[in-house]
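A short worksheet on the structure shown next.
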Amino acid sequence: MTTPIDEEPPPSPSTLLALPADISLHVLAYLSLNDLYHLRLVCKRINGFFEAHEETIYHQAAIYHRFVKPQTSLEDAAQAAGEEWLSGARDWKELCRRWATLERNWDGHGFVREGGFRPSEDTVINFVVDEEQNTAISLSRKGGLVVRALEDGRLLWALSNQYVGTTRCDLSNGFLVFMAKHSGLEIWRRGADANSNALRRRGQIVTTPVIAPSPAAIRDFQVQAGVLAPVARESDRGHFVPHAYIDTAHDIGTIRLFRVTYPLLAYIGFGNPNDVTVVDVTSGDVVWRVSVGSGPMRGMSPLFQFPPAHDRIAMDIDLTREHLCICMYTVVAVYRLPKHCTGESEKPTAASAETDENPPEVLVLGDIDTPAARQTTAHLLMLSAADLIEPADTTSSRLRSLPSAQICTRSYLLADLALSPALYALVSPRMASTSSPRPPSGCCTSHGTLRESRAACFSLTSRSICS
């Protein structure tokens, strides 16, 4: 039997310090930031050891958590991330703290700093954030464009509501685009970028503004608006200067939709709603035009027919460095931009900007059935389900209790389920008693088989859909 006197005392935390410093540091290299934090609170001696070897300990911790690769300097670690949130990190401890804060926020355990701008006279209806200068660019309901600092909301630059009456603006790589009160698009550029001459396009410095004889040369009213704009005098942060003007009054009229992704700007006008024009935002030159719906289609069945010209109403457009996407009422069309639009070496010619005689291929995402036909199919589905499902079935009762608006919002989903080949295979045992043969390729051909398959699919899926 042992006595308390015979028991060995527990190891002291200072036992780690009895080892040579290089061995102690090697042991600490296997501890996480959380363990290092608690270990440092044990005693003053260990805290002093941390202070004496802080750079080495937290450099090892950065490698342990895979924030950086081994043999990486602090300067390279901050620049490799390519993010401003790592710039200014004075030491490895600060870098680890920022990485740990980011991961906690992504895991949902961090704190969110909330704030907002209170417009003094009107409601903000559209805004974009300039992350490089930490500013918010907003448009109000009564008109006017305002640039404010994100940290305190102070006014940095503005255009009056008599000049800007649009409801949307877009920003990419320092180029601000909004619809002009006259028919066309105005392109303004961040003032700090215009003064630096650091941006190059196709091997040449991008200069601001675009001048005559270019068709995209700035107008006198843009220069006057820039002179009269209220600005914060302490710096050029948030300031913009006129860069170019895209005049559309003589071809497509008022702009309906536009999107800018440097170095390209795409837009659609009311005068010709089926054509999309792509412009080089640095020079204002038209580099490509495409007629929506032309060219060989990919991605859809040969039975699919593109909507007629009068029904090709673009609801929205999107633009990347390689693709142009047009969203219409029934389909989504995706085009790959030509090489002369995306390349840095090849300069487009006037011929390449016009619509090609051989239109490019288009990837089409849509439905063979029109929305009206699909909604009719969904209503037939619900009628057949009401006929074939027993009245005592709780699912049928819940269906009848649903509001009509709620049923209509689910009509597309029900129609998809009813016509799905995979679901047809699931319900085929239930339909084994019927004399109707299984349709080829999972499609319902006869009216009776169509009605029975829809009802069977509905009985299998309505419990999850109605809940």
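Quick note on naming: the chains in the structure tokens go A, B, ... in the order shown, residues restart at 1 in each chain, and ligands are numbered from 1 in order of appearance.
Using only C-alpha atoms, the contacts of range 74-78 of chain A at a cut-off of 7 Å, with sequence neighbours closer than 5 positions omitted, comprise Val68, Leu86, Ser87 and Trp92 of chain A.
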Quiz prompt | Polymer residues at most 8 Å from range 229-238 of chain A, only C-alpha atoms, same-chain spacing of 2 or more positions, as number ranges by chain | solution = A: 133, 135, 147-149, 155-160, 190-192, 225-227, 240
So which residues of range 18-103 of chain A fall under helix (DSSP H, G or I) by DSSP, listed as a PDB file with N, CA, C and O atoms, in the first residue's frame?
ATOM      1  N   ALA A  18      13.365  22.857 -18.755  1.00  0.00           N
ATOM      2  CA  ALA A  18      14.631  22.229 -18.383  1.00  0.00           C
ATOM      3  C   ALA A  18      15.356  21.652 -19.587  1.00  0.00           C
ATOM      4  O   ALA A  18      16.545  21.375 -19.531  1.00  0.00           O
ATOM      5  N   ALA A  21      16.717  24.771 -25.488  1.00  0.00           N
ATOM      6  CA  ALA A  21      15.717  25.609 -26.151  1.00  0.00           C
ATOM      7  C   ALA A  21      15.302  25.043 -27.499  1.00  0.00           C
ATOM      8  O   ALA A  21      14.108  25.082 -27.859  1.00  0.00           O
ATOM      9  N   ASP A  22      16.249  24.485 -28.264  1.00  0.00           N
ATOM     10  CA  ASP A  22      15.879  23.969 -29.576  1.00  0.00           C
ATOM     11  C   ASP A  22      14.954  22.774 -29.476  1.00  0.00           C
ATOM     12  O   ASP A  22      14.041  22.598 -30.294  1.00  0.00           O
ATOM     13  N   ILE A  23      15.137  21.936 -28.434  1.00  0.00           N
ATOM     14  CA  ILE A  23      14.243  20.786 -28.243  1.00  0.00           C
ATOM     15  C   ILE A  23      12.865  21.268 -27.791  1.00  0.00           C
ATOM     16  O   ILE A  23      11.826  20.754 -28.232  1.00  0.00           O
ATOM     17  N   SER A  24      12.825  22.242 -26.895  1.00  0.00           N
ATOM     18  CA  SER A  24      11.540  22.778 -26.450  1.00  0.00           C
ATOM     19  C   SER A  24      10.766  23.384 -27.627  1.00  0.00           C
ATOM     20  O   SER A  24       9.550  23.207 -27.758  1.00  0.00           O
ATOM     21  N   LEU A  25      11.469  24.094 -28.490  1.00  0.00           N
ATOM     22  CA  LEU A  25      10.794  24.676 -29.655  1.00  0.00           C
ATOM     23  C   LEU A  25      10.293  23.595 -30.599  1.00  0.00           C
ATOM     24  O   LEU A  25       9.221  23.737 -31.215  1.00  0.00           O
ATOM     25  N   HIS A  26      11.062  22.503 -30.709  1.00  0.00           N
ATOM     26  CA  HIS A  26      10.606  21.397 -31.561  1.00  0.00           C
ATOM     27  C   HIS A  26       9.323  20.774 -31.003  1.00  0.00           C
ATOM     28  O   HIS A  26       8.426  20.405 -31.767  1.00  0.00           O
ATOM     29  N   VAL A  27       9.230  20.660 -29.688  1.00  0.00           N
ATOM     30  CA  VAL A  27       8.006  20.120 -29.067  1.00  0.00           C
ATOM     31  C   VAL A  27       6.829  21.052 -29.326  1.00  0.00           C
ATOM     32  O   VAL A  27       5.721  20.617 -29.657  1.00  0.00           O
ATOM     33  N   LEU A  28       7.055  22.356 -29.207  1.00  0.00           N
ATOM     34  CA  LEU A  28       5.972  23.319 -29.402  1.00  0.00           C
ATOM     35  C   LEU A  28       5.501  23.374 -30.852  1.00  0.00           C
ATOM     36  O   LEU A  28       4.391  23.853 -31.125  1.00  0.00           O
ATOM     37  N   LEU A  33      -2.611  26.533 -32.245  1.00  0.00           N
ATOM     38  CA  LEU A  33      -2.685  27.867 -31.678  1.00  0.00           C
ATOM     39  C   LEU A  33      -3.476  27.890 -30.382  1.00  0.00           C
ATOM     40  O   LEU A  33      -3.134  28.619 -29.442  1.00  0.00           O
ATOM     41  N   ASN A  34      -4.509  27.090 -30.308  1.00  0.00           N
ATOM     42  CA  ASN A  34      -5.309  27.035 -29.086  1.00  0.00           C
ATOM     43  C   ASN A  34      -4.495  26.471 -27.927  1.00  0.00           C
ATOM     44  O   ASN A  34      -4.553  26.975 -26.794  1.00  0.00           O
ATOM     45  N   ASP A  35      -3.699  25.418 -28.188  1.00  0.00           N
ATOM     46  CA  ASP A  35      -2.852  24.843 -27.136  1.00  0.00           C
ATOM     47  C   ASP A  35      -1.753  25.824 -26.723  1.00  0.00           C
ATOM     48  O   ASP A  35      -1.430  25.941 -25.534  1.00  0.00           O
ATOM     49  N   LEU A  36      -1.189  26.523 -27.695  1.00  0.00           N
ATOM     50  CA  LEU A  36      -0.156  27.504 -27.365  1.00  0.00           C
ATOM     51  C   LEU A  36      -0.716  28.628 -26.498  1.00  0.00           C
ATOM     52  O   LEU A  36      -0.044  29.123 -25.580  1.00  0.00           O
ATOM     53  N   TYR A  37      -1.943  29.035 -26.781  1.00  0.00           N
ATOM     54  CA  TYR A  37      -2.565  30.102 -25.999  1.00  0.00           C
ATOM     55  C   TYR A  37      -2.719  29.689 -24.535  1.00  0.00           C
ATOM     56  O   TYR A  37      -2.388  30.444 -23.618  1.00  0.00           O
ATOM     57  N   HIS A  38      -3.212  28.464 -24.300  1.00  0.00           N
ATOM     58  CA  HIS A  38      -3.405  28.012 -22.920  1.00  0.00           C
ATOM     59  C   HIS A  38      -2.079  27.705 -22.234  1.00  0.00           C
ATOM     60  O   HIS A  38      -1.941  27.917 -21.020  1.00  0.00           O
ATOM     61  N   LEU A  39      -1.092  27.198 -22.978  1.00  0.00           N
ATOM     62  CA  LEU A  39       0.205  26.907 -22.377  1.00  0.00           C
ATOM     63  C   LEU A  39       0.880  28.186 -21.900  1.00  0.00           C
ATOM     64  O   LEU A  39       1.531  28.203 -20.850  1.00  0.00           O
ATOM     65  N   ARG A  40       0.693  29.247 -22.633  1.00  0.00           N
ATOM     66  CA  ARG A  40       1.333  30.498 -22.256  1.00  0.00           C
ATOM     67  C   ARG A  40       0.782  31.061 -20.948  1.00  0.00           C
ATOM     68  O   ARG A  40       1.449  31.846 -20.265  1.00  0.00           O
ATOM     69  N   LYS A  44       4.685  32.326 -15.341  1.00  0.00           N
ATOM     70  CA  LYS A  44       5.457  33.439 -15.870  1.00  0.00           C
ATOM     71  C   LYS A  44       6.692  32.970 -16.626  1.00  0.00           C
ATOM     72  O   LYS A  44       7.113  33.609 -17.602  1.00  0.00           O
ATOM     73  N   ARG A  45       7.297  31.840 -16.187  1.00  0.00           N
ATOM     74  CA  ARG A  45       8.502  31.359 -16.850  1.00  0.00           C
ATOM     75  C   ARG A  45       8.208  30.930 -18.289  1.00  0.00           C
ATOM     76  O   ARG A  45       8.954  31.257 -19.212  1.00  0.00           O
ATOM     77  N   ILE A  46       7.103  30.210 -18.473  1.00  0.00           N
ATOM     78  CA  ILE A  46       6.745  29.787 -19.830  1.00  0.00           C
ATOM     79  C   ILE A  46       6.352  30.995 -20.677  1.00  0.00           C
ATOM     80  O   ILE A  46       6.697  31.077 -21.865  1.00  0.00           O
ATOM     81  N   ASN A  47       5.668  31.954 -20.069  1.00  0.00           N
ATOM     82  CA  ASN A  47       5.321  33.162 -20.808  1.00  0.00           C
ATOM     83  C   ASN A  47       6.583  33.925 -21.238  1.00  0.00           C
ATOM     84  O   ASN A  47       6.656  34.453 -22.346  1.00  0.00           O
ATOM     85  N   GLY A  48       7.579  33.955 -20.354  1.00  0.00           N
ATOM     86  CA  GLY A  48       8.844  34.581 -20.727  1.00  0.00           C
ATOM     87  C   GLY A  48       9.546  33.847 -21.837  1.00  0.00           C
ATOM     88  O   GLY A  48      10.185  34.454 -22.706  1.00  0.00           O
ATOM     89  N   PHE A  49       9.437  32.503 -21.837  1.00  0.00           N
ATOM     90  CA  PHE A  49      10.036  31.709 -22.918  1.00  0.00           C
ATOM     91  C   PHE A  49       9.343  32.034 -24.239  1.00  0.00           C
ATOM     92  O   PHE A  49       9.996  32.146 -25.290  1.00  0.00           O
ATOM     93  N   PHE A  50       8.034  32.203 -24.216  1.00  0.00           N
ATOM     94  CA  PHE A  50       7.306  32.570 -25.419  1.00  0.00           C
ATOM     95  C   PHE A  50       7.757  33.937 -25.938  1.00  0.00           C
ATOM     96  O   PHE A  50       7.929  34.130 -27.147  1.00  0.00           O
ATOM     97  N   GLU A  51       7.937  34.893 -25.034  1.00  0.00           N
ATOM     98  CA  GLU A  51       8.339  36.226 -25.460  1.00  0.00           C
ATOM     99  C   GLU A  51       9.736  36.224 -26.071  1.00  0.00           C
ATOM    100  O   GLU A  51      10.010  36.972 -27.015  1.00  0.00           O
ATOM    101  N   ALA A  52      10.593  35.355 -25.567  1.00  0.00           N
ATOM    102  CA  ALA A  52      11.958  35.297 -26.079  1.00  0.00           C
ATOM    103  C   ALA A  52      12.042  34.618 -27.439  1.00  0.00           C
ATOM    104  O   ALA A  52      12.944  34.916 -28.236  1.00  0.00           O
ATOM    105  N   GLU A  54       9.219  34.230 -29.689  1.00  0.00           N
ATOM    106  CA  GLU A  54       7.870  34.403 -30.251  1.00  0.00           C
ATOM    107  C   GLU A  54       7.847  34.192 -31.765  1.00  0.00           C
ATOM    108  O   GLU A  54       6.950  33.508 -32.289  1.00  0.00           O
ATOM    109  N   GLU A  55       8.812  34.733 -32.478  1.00  0.00           N
ATOM    110  CA  GLU A  55       8.807  34.608 -33.928  1.00  0.00           C
ATOM    111  C   GLU A  55       8.906  33.147 -34.360  1.00  0.00           C
ATOM    112  O   GLU A  55       8.183  32.685 -35.246  1.00  0.00           O
ATOM    113  N   THR A  56       9.803  32.405 -33.713  1.00  0.00           N
ATOM    114  CA  THR A  56       9.986  31.002 -34.087  1.00  0.00           C
ATOM    115  C   THR A  56       8.751  30.178 -33.755  1.00  0.00           C
ATOM    116  O   THR A  56       8.301  29.343 -34.549  1.00  0.00           O
ATOM    117  N   ILE A  57       8.162  30.409 -32.592  1.00  0.00           N
ATOM    118  CA  ILE A  57       7.006  29.618 -32.163  1.00  0.00           C
ATOM    119  C   ILE A  57       5.827  29.822 -33.099  1.00  0.00           C
ATOM    120  O   ILE A  57       5.185  28.865 -33.551  1.00  0.00           O
ATOM    121  N   TYR A  58       5.527  31.071 -33.456  1.00  0.00           N
ATOM    122  CA  TYR A  58       4.347  31.326 -34.286  1.00  0.00           C
ATOM    123  C   TYR A  58       4.624  31.070 -35.761  1.00  0.00           C
ATOM    124  O   TYR A  58       3.678  30.832 -36.529  1.00  0.00           O
ATOM    125  N   HIS A  59       5.885  31.103 -36.166  1.00  0.00           N
ATOM    126  CA  HIS A  59       6.196  30.649 -37.523  1.00  0.00           C
ATOM    127  C   HIS A  59       5.928  29.153 -37.642  1.00  0.00           C
ATOM    128  O   HIS A  59       5.360  28.678 -38.637  1.00  0.00           O
ATOM    129  N   GLN A  60       6.326  28.401 -36.612  1.00  0.00           N
ATOM    130  CA  GLN A  60       6.028  26.969 -36.604  1.00  0.00           C
ATOM    131  C   GLN A  60       4.524  26.717 -36.567  1.00  0.00           C
ATOM    132  O   GLN A  60       4.019  25.786 -37.200  1.00  0.00           O
ATOM    133  N   ALA A  61       3.797  27.539 -35.812  1.00  0.00           N
ATOM    134  CA  ALA A  61       2.343  27.375 -35.750  1.00  0.00           C
ATOM    135  C   ALA A  61       1.702  27.652 -37.110  1.00  0.00           C
ATOM    136  O   ALA A  61       0.734  26.971 -37.502  1.00  0.00           O
ATOM    137  N   ALA A  62       2.219  28.636 -37.851  1.00  0.00           N
ATOM    138  CA  ALA A  62       1.686  28.909 -39.179  1.00  0.00           C
ATOM    139  C   ALA A  62       1.903  27.731 -40.113  1.00  0.00           C
ATOM    140  O   ALA A  62       1.043  27.399 -40.941  1.00  0.00           O
ATOM    141  N   ILE A  63       3.043  27.066 -39.978  1.00  0.00           N
ATOM    142  CA  ILE A  63       3.308  25.873 -40.785  1.00  0.00           C
ATOM    143  C   ILE A  63       2.432  24.714 -40.320  1.00  0.00           C
ATOM    144  O   ILE A  63       1.902  23.952 -41.140  1.00  0.00           O
ATOM    145  N   TYR A  64       2.241  24.582 -38.998  1.00  0.00           N
ATOM    146  CA  TYR A  64       1.423  23.488 -38.456  1.00  0.00           C
ATOM    147  C   TYR A  64      -0.015  23.585 -38.981  1.00  0.00           C
ATOM    148  O   TYR A  64      -0.628  22.573 -39.333  1.00  0.00           O
ATOM    149  N   LEU A  74       7.965  35.968 -44.023  1.00  0.00           N
ATOM    150  CA  LEU A  74       6.751  36.685 -43.657  1.00  0.00           C
ATOM    151  C   LEU A  74       6.273  37.570 -44.804  1.00  0.00           C
ATOM    152  O   LEU A  74       5.065  37.647 -45.085  1.00  0.00           O
ATOM    153  N   GLU A  75       7.181  38.235 -45.492  1.00  0.00           N
ATOM    154  CA  GLU A  75       6.798  39.099 -46.606  1.00  0.00           C
ATOM    155  C   GLU A  75       6.170  38.298 -47.738  1.00  0.00           C
ATOM    156  O   GLU A  75       5.147  38.695 -48.302  1.00  0.00           O
ATOM    157  N   ASP A  76       6.760  37.141 -48.064  1.00  0.00           N
ATOM    158  CA  ASP A  76       6.209  36.301 -49.127  1.00  0.00           C
ATOM    159  C   ASP A  76       4.852  35.736 -48.733  1.00  0.00           C
ATOM    160  O   ASP A  76       3.958  35.584 -49.578  1.00  0.00           O
ATOM    161  N   ALA A  77       4.669  35.420 -47.446  1.00  0.00           N
ATOM    162  CA  ALA A  77       3.389  34.871 -46.996  1.00  0.00           C
ATOM    163  C   ALA A  77       2.271  35.885 -47.151  1.00  0.00           C
ATOM    164  O   ALA A  77       1.146  35.543 -47.525  1.00  0.00           O
ATOM    165  N   ALA A  78       2.571  37.152 -46.859  1.00  0.00           N
ATOM    166  CA  ALA A  78       1.545  38.191 -46.971  1.00  0.00           C
ATOM    167  C   ALA A  78       1.235  38.515 -48.424  1.00  0.00           C
ATOM    168  O   ALA A  78       0.092  38.795 -48.776  1.00  0.00           O
ATOM    169  N   GLN A  79       2.233  38.451 -49.303  1.00  0.00           N
ATOM    170  CA  GLN A  79       2.013  38.772 -50.708  1.00  0.00           C
ATOM    171  C   GLN A  79       1.420  37.612 -51.483  1.00  0.00           C
ATOM    172  O   GLN A  79       0.664  37.819 -52.433  1.00  0.00           O
ATOM    173  N   ALA A  80       1.736  36.378 -51.076  1.00  0.00           N
ATOM    174  CA  ALA A  80       1.235  35.219 -51.816  1.00  0.00           C
ATOM    175  C   ALA A  80      -0.269  35.103 -51.725  1.00  0.00           C
ATOM    176  O   ALA A  80      -0.927  34.624 -52.637  1.00  0.00           O
ATOM    177  N   GLU A  84      -5.788  42.000 -49.137  1.00  0.00           N
ATOM    178  CA  GLU A  84      -5.406  43.134 -48.307  1.00  0.00           C
ATOM    179  C   GLU A  84      -5.475  42.818 -46.822  1.00  0.00           C
ATOM    180  O   GLU A  84      -4.842  43.487 -46.020  1.00  0.00           O
ATOM    181  N   TRP A  85      -6.265  41.819 -46.438  1.00  0.00           N
ATOM    182  CA  TRP A  85      -6.425  41.547 -45.019  1.00  0.00           C
ATOM    183  C   TRP A  85      -5.143  40.992 -44.396  1.00  0.00           C
ATOM    184  O   TRP A  85      -5.025  40.946 -43.172  1.00  0.00           O
ATOM    185  N   LEU A  86      -4.160  40.585 -45.208  1.00  0.00           N
ATOM    186  CA  LEU A  86      -2.877  40.129 -44.671  1.00  0.00           C
ATOM    187  C   LEU A  86      -1.789  41.196 -44.773  1.00  0.00           C
ATOM    188  O   LEU A  86      -0.723  41.037 -44.189  1.00  0.00           O
ATOM    189  N   TRP A  92       4.878  37.085 -37.167  1.00  0.00           N
ATOM    190  CA  TRP A  92       4.172  35.822 -37.383  1.00  0.00           C
ATOM    191  C   TRP A  92       2.978  35.659 -36.448  1.00  0.00           C
ATOM    192  O   TRP A  92       1.982  35.037 -36.817  1.00  0.00           O
ATOM    193  N   LYS A  93       3.051  36.216 -35.282  1.00  0.00           N
ATOM    194  CA  LYS A  93       1.914  36.137 -34.365  1.00  0.00           C
ATOM    195  C   LYS A  93       0.707  36.864 -34.939  1.00  0.00           C
ATOM    196  O   LYS A  93      -0.430  36.365 -34.869  1.00  0.00           O
ATOM    197  N   GLU A  94       0.928  38.037 -35.516  1.00  0.00           N
ATOM    198  CA  GLU A  94      -0.166  38.793 -36.113  1.00  0.00           C
ATOM    199  C   GLU A  94      -0.744  38.060 -37.319  1.00  0.00           C
ATOM    200  O   GLU A  94      -1.957  38.032 -37.527  1.00  0.00           O
ATOM    201  N   LEU A  95       0.122  37.441 -38.122  1.00  0.00           N
ATOM    202  CA  LEU A  95      -0.366  36.688 -39.267  1.00  0.00           C
ATOM    203  C   LEU A  95      -1.210  35.497 -38.830  1.00  0.00           C
ATOM    204  O   LEU A  95      -2.271  35.233 -39.404  1.00  0.00           O
ATOM    205  N   CYS A  96      -0.769  34.783 -37.805  1.00  0.00           N
ATOM    206  CA  CYS A  96      -1.548  33.654 -37.295  1.00  0.00           C
ATOM    207  C   CYS A  96      -2.881  34.125 -36.721  1.00  0.00           C
ATOM    208  O   CYS A  96      -3.912  33.462 -36.868  1.00  0.00           O
ATOM    209  N   ARG A  97      -2.865  35.280 -36.050  1.00  0.00           N
ATOM    210  CA  ARG A  97      -4.113  35.803 -35.482  1.00  0.00           C
ATOM    211  C   ARG A  97      -5.122  36.106 -36.577  1.00  0.00           C
ATOM    212  O   ARG A  97      -6.318  35.793 -36.452  1.00  0.00           O
ATOM    213  N   ARG A  98      -4.674  36.699 -37.687  1.00  0.00           N
ATOM    214  CA  ARG A  98      -5.592  37.035 -38.774  1.00  0.00           C
ATOM    215  C   ARG A  98      -6.140  35.787 -39.451  1.00  0.00           C
ATOM    216  O   ARG A  98      -7.329  35.710 -39.790  1.00  0.00           O
ATOM    217  N   TRP A  99      -5.258  34.794 -39.648  1.00  0.00           N
ATOM    218  CA  TRP A  99      -5.738  33.550 -40.242  1.00  0.00           C
ATOM    219  C   TRP A  99      -6.736  32.848 -39.330  1.00  0.00           C
ATOM    220  O   TRP A  99      -7.767  32.328 -39.794  1.00  0.00           O
ATOM    221  N   ALA A 100      -6.451  32.815 -38.035  1.00  0.00           N
ATOM    222  CA  ALA A 100      -7.356  32.154 -37.097  1.00  0.00           C
ATOM    223  C   ALA A 100      -8.695  32.871 -37.038  1.00  0.00           C
ATOM    224  O   ALA A 100      -9.762  32.231 -36.961  1.00  0.00           O
ATOM    225  N   THR A 101      -8.688  34.206 -37.084  1.00  0.00           N
ATOM    226  CA  THR A 101      -9.940  34.960 -37.087  1.00  0.00           C
ATOM    227  C   THR A 101     -10.758  34.658 -38.331  1.00  0.00           C
ATOM    228  O   THR A 101     -11.987  34.491 -38.265  1.00  0.00           O
ATOM    229  N   LEU A 102     -10.087  34.572 -39.480  1.00  0.00           N
ATOM    230  CA  LEU A 102     -10.785  34.255 -40.717  1.00  0.00           C
ATOM    231  C   LEU A 102     -11.443  32.875 -40.646  1.00  0.00           C
ATOM    232  O   LEU A 102     -12.603  32.702 -41.029  1.00  0.00           O
ATOM    233  N   GLU A 103     -10.710  31.886 -40.143  1.00  0.00           N
ATOM    234  CA  GLU A 103     -11.268  30.535 -40.071  1.00  0.00           C
ATOM    235  C   GLU A 103     -12.424  30.460 -39.079  1.00  0.00           C
ATOM    236  O   GLU A 103     -13.405  29.754 -39.312  1.00  0.00           O
TER     237      GLU A 103
END
Self-check item: Members of range 85-285 of chain A assigned strand (DSSP E) by DSSP, as number ranges by chain
Solution: A: 124-130, 135-140, 145-149, 155-159, 169-172, 175-179, 184-190, 200-201, 204-205, 240-247, 255-261, 264-269, 275-280
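Omitting Cys169 in chain A and its sequence neighbours fewer than 6 positions away, and counting only C-alpha atoms, the residues within 8 Å are Asn126, Phe127, Val128, Leu139, Leu176, Val177, Phe178 and Met179 of chain A.
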Put those residues in a file: all heavy atoms, as a PDB file, in the first residue's frame.
ATOM      1  N   ASN A 126     -29.444  50.845 -55.333  1.00  0.00           N
ATOM      2  CA  ASN A 126     -28.396  50.038 -55.950  1.00  0.00           C
ATOM      3  C   ASN A 126     -27.041  50.515 -55.447  1.00  0.00           C
ATOM      4  O   ASN A 126     -26.855  51.716 -55.215  1.00  0.00           O
ATOM      5  CB  ASN A 126     -28.459  50.142 -57.479  1.00  0.00           C
ATOM      6  CG  ASN A 126     -27.388  49.310 -58.165  1.00  0.00           C
ATOM      7  OD1 ASN A 126     -26.461  49.849 -58.757  1.00  0.00           O
ATOM      8  ND2 ASN A 126     -27.482  48.000 -58.079  1.00  0.00           N
ATOM      9  N   PHE A 127     -26.119  49.564 -55.239  1.00  0.00           N
ATOM     10  CA  PHE A 127     -24.789  49.951 -54.792  1.00  0.00           C
ATOM     11  C   PHE A 127     -23.777  48.890 -55.202  1.00  0.00           C
ATOM     12  O   PHE A 127     -24.124  47.724 -55.430  1.00  0.00           O
ATOM     13  CB  PHE A 127     -24.744  50.154 -53.269  1.00  0.00           C
ATOM     14  CG  PHE A 127     -24.793  48.874 -52.488  1.00  0.00           C
ATOM     15  CD1 PHE A 127     -23.628  48.255 -52.050  1.00  0.00           C
ATOM     16  CD2 PHE A 127     -26.003  48.273 -52.200  1.00  0.00           C
ATOM     17  CE1 PHE A 127     -23.673  47.076 -51.336  1.00  0.00           C
ATOM     18  CE2 PHE A 127     -26.056  47.095 -51.477  1.00  0.00           C
ATOM     19  CZ  PHE A 127     -24.890  46.496 -51.047  1.00  0.00           C
ATOM     20  N   VAL A 128     -22.534  49.306 -55.318  1.00  0.00           N
ATOM     21  CA  VAL A 128     -21.402  48.406 -55.522  1.00  0.00           C
ATOM     22  C   VAL A 128     -20.309  48.815 -54.554  1.00  0.00           C
ATOM     23  O   VAL A 128     -20.245  49.973 -54.119  1.00  0.00           O
ATOM     24  CB  VAL A 128     -20.883  48.446 -56.978  1.00  0.00           C
ATOM     25  CG1 VAL A 128     -21.886  47.854 -57.935  1.00  0.00           C
ATOM     26  CG2 VAL A 128     -20.524  49.866 -57.383  1.00  0.00           C
ATOM     27  N   LEU A 139     -26.602  54.444 -55.597  1.00  0.00           N
ATOM     28  CA  LEU A 139     -27.577  55.227 -56.349  1.00  0.00           C
ATOM     29  C   LEU A 139     -28.852  55.313 -55.534  1.00  0.00           C
ATOM     30  O   LEU A 139     -29.271  54.325 -54.925  1.00  0.00           O
ATOM     31  CB  LEU A 139     -27.872  54.590 -57.705  1.00  0.00           C
ATOM     32  CG  LEU A 139     -26.707  54.498 -58.697  1.00  0.00           C
ATOM     33  CD1 LEU A 139     -27.092  53.634 -59.880  1.00  0.00           C
ATOM     34  CD2 LEU A 139     -26.312  55.884 -59.168  1.00  0.00           C
ATOM     35  N   LEU A 176     -16.038  52.506 -63.708  1.00  0.00           N
ATOM     36  CA  LEU A 176     -17.421  52.662 -63.258  1.00  0.00           C
ATOM     37  C   LEU A 176     -18.302  52.953 -64.464  1.00  0.00           C
ATOM     38  O   LEU A 176     -18.028  53.886 -65.231  1.00  0.00           O
ATOM     39  CB  LEU A 176     -17.515  53.790 -62.236  1.00  0.00           C
ATOM     40  CG  LEU A 176     -18.909  54.149 -61.724  1.00  0.00           C
ATOM     41  CD1 LEU A 176     -19.498  52.997 -60.925  1.00  0.00           C
ATOM     42  CD2 LEU A 176     -18.858  55.416 -60.886  1.00  0.00           C
ATOM     43  N   VAL A 177     -19.372  52.166 -64.643  1.00  0.00           N
ATOM     44  CA  VAL A 177     -20.252  52.293 -65.801  1.00  0.00           C
ATOM     45  C   VAL A 177     -21.678  52.508 -65.314  1.00  0.00           C
ATOM     46  O   VAL A 177     -22.144  51.808 -64.413  1.00  0.00           O
ATOM     47  CB  VAL A 177     -20.178  51.046 -66.709  1.00  0.00           C
ATOM     48  CG1 VAL A 177     -21.069  51.218 -67.935  1.00  0.00           C
ATOM     49  CG2 VAL A 177     -18.732  50.778 -67.133  1.00  0.00           C
ATOM     50  N   PHE A 178     -22.364  53.476 -65.906  1.00  0.00           N
ATOM     51  CA  PHE A 178     -23.784  53.687 -65.631  1.00  0.00           C
ATOM     52  C   PHE A 178     -24.436  54.270 -66.871  1.00  0.00           C
ATOM     53  O   PHE A 178     -23.766  54.833 -67.753  1.00  0.00           O
ATOM     54  CB  PHE A 178     -23.995  54.583 -64.408  1.00  0.00           C
ATOM     55  CG  PHE A 178     -23.331  55.935 -64.490  1.00  0.00           C
ATOM     56  CD1 PHE A 178     -23.966  57.019 -65.078  1.00  0.00           C
ATOM     57  CD2 PHE A 178     -22.047  56.113 -63.976  1.00  0.00           C
ATOM     58  CE1 PHE A 178     -23.354  58.251 -65.151  1.00  0.00           C
ATOM     59  CE2 PHE A 178     -21.424  57.353 -64.042  1.00  0.00           C
ATOM     60  CZ  PHE A 178     -22.076  58.429 -64.637  1.00  0.00           C
ATOM     61  N   MET A 179     -25.768  54.129 -66.947  1.00  0.00           N
ATOM     62  CA  MET A 179     -26.506  54.627 -68.102  1.00  0.00           C
ATOM     63  C   MET A 179     -26.601  56.139 -68.053  1.00  0.00           C
ATOM     64  O   MET A 179     -26.880  56.722 -67.005  1.00  0.00           O
ATOM     65  CB  MET A 179     -27.900  54.003 -68.145  1.00  0.00           C
ATOM     66  CG  MET A 179     -27.906  52.539 -68.524  1.00  0.00           C
ATOM     67  SD  MET A 179     -29.558  51.850 -68.703  1.00  0.00           S
ATOM     68  CE  MET A 179     -30.043  51.730 -66.985  1.00  0.00           C
TER      69      MET A 179
END
Self-check item: Shell around Pro273 in chain A at 9 Å using only C-alpha atoms, local window under 6 positions removed, as a PyMOL selection string
Solution: chain A and resi 252+256+292+312-314
